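Peer 1: Quick one, coords_39.pdb (PDB, C-alpha atoms and all ligand atoms):
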MODEL        1
ATOM      1  CA  MET A  22      13.204  10.569  12.281  1.00  0.00           C
ATOM      2  CA  THR A  23      11.461  13.527  10.736  1.00  0.00           C
ATOM      3  CA  CYS A  24      11.365  15.230   7.366  1.00  0.00           C
ATOM      4  CA  LYS A  25      13.776  18.133   7.249  1.00  0.00           C
ATOM      5  CA  GLY A  26      12.682  19.349   3.850  1.00  0.00           C
ATOM      6  CA  ILE A  27      15.861  18.168   2.131  1.00  0.00           C
ATOM      7  CA  CYS A  28      13.867  15.716   0.033  1.00  0.00           C
ATOM      8  CA  GLU A  29      12.108  18.638  -1.608  1.00  0.00           C
ATOM      9  CA  ARG A  30      15.354  19.931  -3.078  1.00  0.00           C
ATOM     10  CA  PRO A  31      15.572  19.504  -6.857  1.00  0.00           C
ATOM     11  CA  GLU A  32      18.598  17.202  -6.627  1.00  0.00           C
ATOM     12  CA  TYR A  33      16.617  14.669  -4.589  1.00  0.00           C
ATOM     13  CA  HIS A  34      13.028  15.275  -5.519  1.00  0.00           C
ATOM     14  CA  ALA A  35      11.930  12.721  -8.103  1.00  0.00           C
ATOM     15  CA  PRO A  36       9.387  13.816 -10.680  1.00  0.00           C
ATOM     16  CA  LYS A  37       6.859  11.290 -11.867  1.00  0.00           C
ATOM     17  CA  PRO A  38       8.428   9.389 -14.770  1.00  0.00           C
ATOM     18  CA  THR A  39       6.481   8.956 -17.977  1.00  0.00           C
ATOM     19  CA  GLY A  40       6.063   5.526 -19.501  1.00  0.00           C
ATOM     20  CA  MET A  41       7.582   3.574 -16.621  1.00  0.00           C
ATOM     21  CA  GLY A  42       7.150   2.938 -12.943  1.00  0.00           C
ATOM     22  CA  ARG A  43       8.870   4.995 -10.284  1.00  0.00           C
ATOM     23  CA  TYR A  44      10.809   2.031  -8.916  1.00  0.00           C
ATOM     24  CA  ALA A  45      11.754   0.980 -12.447  1.00  0.00           C
ATOM     25  CA  SER A  46      13.353   4.356 -13.065  1.00  0.00           C
ATOM     26  CA  GLY A  47      15.434   4.061  -9.903  1.00  0.00           C
ATOM     27  CA  GLN A  48      13.341   6.175  -7.571  1.00  0.00           C
ATOM     28  CA  LYS A  49      12.851   5.162  -3.986  1.00  0.00           C
ATOM     29  CA  ARG A  50      10.016   5.776  -1.646  1.00  0.00           C
ATOM     30  CA  CYS A  51      10.473   7.366   1.773  1.00  0.00           C
ATOM     31  CA  GLN A  52       7.711   6.543   4.217  1.00  0.00           C
ATOM     32  CA  ILE A  53       8.618   9.393   6.515  1.00  0.00           C
ATOM     33  CA  CYS A  54       8.787  12.127   3.883  1.00  0.00           C
ATOM     34  CA  GLU A  55       5.957  10.470   1.935  1.00  0.00           C
ATOM     35  CA  THR A  56       7.682  11.171  -1.338  1.00  0.00           C
ATOM     36  CA  PHE A  57       9.836   9.568  -3.998  1.00  0.00           C
ATOM     37  CA  ILE A  58      13.530  10.388  -3.959  1.00  0.00           C
ATOM     38  CA  LYS A  59      16.363  10.030  -6.451  1.00  0.00           C
ATOM     39  CA  VAL A  60      19.312   8.714  -4.467  1.00  0.00           C
ATOM     40  CA  GLU A  61      22.020   6.074  -4.804  1.00  0.00           C
ATOM     41  CA  GLY A  62      22.040   4.852  -1.206  1.00  0.00           C
ATOM     42  CA  LEU A  63      19.503   2.901   0.777  1.00  0.00           C
ATOM     43  CA  CYS A  64      18.668   5.654   3.231  1.00  0.00           C
ATOM     44  CA  CYS A  65      16.784   8.888   2.839  1.00  0.00           C
ATOM     45  CA  PRO A  66      19.174  11.876   2.659  1.00  0.00           C
ATOM     46  CA  CYS A  67      16.512  13.918   4.384  1.00  0.00           C
ATOM     47  CA  CYS A  68      15.298  11.959   7.394  1.00  0.00           C
ATOM     48  CA  GLY A  69      17.741   9.027   7.376  1.00  0.00           C
ATOM     49  CA  TYR A  70      15.013   6.424   7.242  1.00  0.00           C
ATOM     50  CA  ARG A  71      15.554   3.344   5.111  1.00  0.00           C
ATOM     51  CA  LEU A  72      14.068   3.780   1.669  1.00  0.00           C
ATOM     52  CA  ARG A  73      11.814   1.376  -0.098  1.00  0.00           C
ATOM     53  CA  SER A  74      13.235   0.168  -3.374  1.00  0.00           C
ATOM     54  CA  ASN A  75      11.504  -3.161  -3.731  1.00  0.00           C
ATOM     55  CA  PRO A  76       8.253  -2.726  -5.636  1.00  0.00           C
ATOM     56  CA  ARG A  77       7.450  -6.426  -5.502  1.00  0.00           C
ATOM     57  CA  ALA A  78       7.006  -6.474  -1.747  1.00  0.00           C
ATOM     58  CA  VAL A  79       4.664  -3.506  -1.906  1.00  0.00           C
ATOM     59  CA  ARG A  80       2.657  -4.879  -4.774  1.00  0.00           C
ATOM     60  CA  TYR A  81       2.396  -8.295  -3.167  1.00  0.00           C
ATOM     61  CA  LYS A  82       1.007  -6.831   0.036  1.00  0.00           C
ATOM     62  CA  ARG A  83      -1.512  -4.736  -1.832  1.00  0.00           C
ATOM     63  CA  LYS A  84      -2.611  -7.688  -3.954  1.00  0.00           C
ATOM     64  CA  LEU A  85      -3.104  -9.811  -0.866  1.00  0.00           C
ATOM     65  CA  ARG A  86      -5.352  -7.247   0.759  1.00  0.00           C
ATOM     66  CA  VAL A  87      -7.421  -6.788  -2.397  1.00  0.00           C
ATOM     67  CA  SER A  88      -7.927 -10.474  -3.081  1.00  0.00           C
ATOM     68  CA  LYS A  89      -8.855 -11.033   0.556  1.00  0.00           C
ATOM     69  CA  GLY A  90     -11.601  -8.420   0.300  1.00  0.00           C
ATOM     70  CA  LYS A  91     -12.764  -9.826  -3.001  1.00  0.00           C
ATOM     71  CA  THR A  92     -13.148 -13.367  -1.727  1.00  0.00           C
ATOM     72  CA  SER A  93     -15.190 -12.240   1.240  1.00  0.00           C
ATOM     73  CA  LEU A  94     -17.508 -10.352  -1.107  1.00  0.00           C
ATOM     74  CA  GLU A  95     -17.732 -12.841  -3.947  1.00  0.00           C
ATOM     75  CA  ASP A  96     -17.694 -15.926  -1.814  1.00  0.00           C
ATOM     76  CA  ASN A  97     -21.295 -17.031  -1.674  1.00  0.00           C
ATOM     77  CA  LYS A  98     -21.123 -19.970   0.679  1.00  0.00           C
ATOM     78  CA  PRO A  99     -24.578 -19.898   2.292  1.00  0.00           C
ATOM     79  CA  ASN A 100     -23.397 -21.261   5.616  1.00  0.00           C
ATOM     80  CA  ARG A 101     -20.818 -18.520   6.028  1.00  0.00           C
ATOM     81  CA  LYS A 102     -22.810 -15.409   5.116  1.00  0.00           C
ATOM     82  CA  GLN A 103     -26.295 -14.082   5.526  1.00  0.00           C
ATOM     83  CA  MET A 104     -28.243 -11.022   4.522  1.00  0.00           C
ATOM     84  CA  GLU A 105     -29.456  -8.974   7.420  1.00  0.00           C
ATOM     85  CA  TYR A 106     -31.405  -5.801   7.894  1.00  0.00           C
ATOM     86  CA  VAL A 107     -29.441  -3.421  10.062  1.00  0.00           C
ATOM     87  CA  ASP A 108     -30.895   0.035  10.618  1.00  0.00           C
ATOM     88  CA  GLY A 109     -33.152  -0.459   7.600  1.00  0.00           C
ATOM     89  CA  LYS A 110     -30.245  -1.396   5.338  1.00  0.00           C
ATOM     90  CA  LEU A 111     -29.622  -4.799   3.841  1.00  0.00           C
ATOM     91  CA  VAL A 112     -26.106  -5.865   4.715  1.00  0.00           C
ATOM     92  CA  LEU A 113     -24.111  -9.013   4.174  1.00  0.00           C
ATOM     93  CA  THR A 114     -22.841 -10.318   7.467  1.00  0.00           C
ATOM     94  CA  GLU A 115     -20.502 -13.139   8.197  1.00  0.00           C
ATOM     95  CA  ILE A 116     -22.004 -15.764  10.457  1.00  0.00           C
ATOM     96  CA  SER A 117     -18.956 -17.720  11.382  1.00  0.00           C
ATOM     97  CA  GLN A 118     -15.319 -16.748  11.191  1.00  0.00           C
ATOM     98  CA  ASP A 119     -12.370 -19.036  11.153  1.00  0.00           C
ATOM     99  CA  VAL A 120     -11.471 -19.750  14.733  1.00  0.00           C
TER     100      VAL A 120
HETATM  101 ZN    ZN B 201      11.970  14.804   3.739  1.00  0.00          ZN
HETATM  102 ZN    ZN B 202      12.848  10.837   4.204  1.00  0.00          ZN
ENDMDL
END
Can the structure from this file be put into structure tokens for me?
Ligand SMILES: [Zn+2]
Ligand SMILES: [Zn+2]

Peer 2:
Amino acid sequence: MTCKGICERPEYHAPKPTGMGRYASGQKRCQICETFIKVEGLCCPCCGYRLRSNPRAVRYKRKLRVSKGKTSLEDNKPNRKQMEYVDGKLVLTEISQDV
């Protein structure tokens, strides 16, 4: 599955919509071509890979990753974290991880 350049044709290439999200305006994301495509079907007309049309799944994943990073930074449980000097820099290190 490779990009054949078909997705760059004007009939498929989706310009960035103004005032609404790409998924909301019916565009779909191709992971292989790394672009948004205007197409009725579920598969990319260029590479044949299944297109992403569900923004919720993407957003949910991204949110999860962000909140995970936030909790590890903002979580100030003293028994879990400690400040350490490493190479002259003060860094926050995790003492114990969930086993
Ligand atoms: Zn392509
Ligand atoms: Zn594609």

Peer 1: Using the chain letters and numbers from this file, what does the PyMOL selection byres (((chain A and resi 60-63) around 12) and not hetatm) select? Give the answer as a PyMOL selection string.

Peer 2: chain A and resi 28+30-35+44+46-51+57-59+64-75

Peer 1: So how far away is CA of Lys25 in chain A from CA of Ile53 in chain A, in Å?

Peer 2: 10.2 Å

Peer 1: Quick one: axis-aligned box around all listed atoms of range 47-57 of chain A, 4 Å on every side, centre and edge lengths in Å to one decimal, written as lines of an AutoDock Vina configuration file.

Peer 2:
center_x = 10.7
center_y = 8.1
center_z = -1.7
size_x = 17.5
size_y = 16.1
size_z = 24.4

Peer 1: Just how far from CA of Thr39 in chain A is CA of Glu55 in chain A, in Å to one decimal?

Peer 2: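 That distance, rounded to one decimal, is 20.0 Å.
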
Peer 1: So, counting all atoms listed in the file, which residue among A:Pro36, A:Gln52, A:Gly109, A:Thr114 is closest to ligand ZN 201 (chain B)?

Peer 2: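 When distances to ligand ZN 201 (chain B) are compared using all atoms listed in the file, the smallest one comes from A:Gln52.
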
Peer 1: My list of candidates is A:Arg43, A:Cys24, A:Lys102, A:Leu111. Which is closest to ligand ZN 202 (chain B) when distances are computed with only C-alpha atoms and all ligand atoms?

Peer 2: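 Looking only at the distances to ligand ZN 202 (chain B), the closest residue turns out to be A:Cys24.
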
Peer 1: Rank nothing, just name the residue among A:Val107, A:Met41, A:Ile116, A:Cys54 nearest to ligand ZN 202 (chain B), using all atoms listed in the file.

Peer 2: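 Result for the nearest residue to ligand ZN 202 (chain B): A:Cys54.
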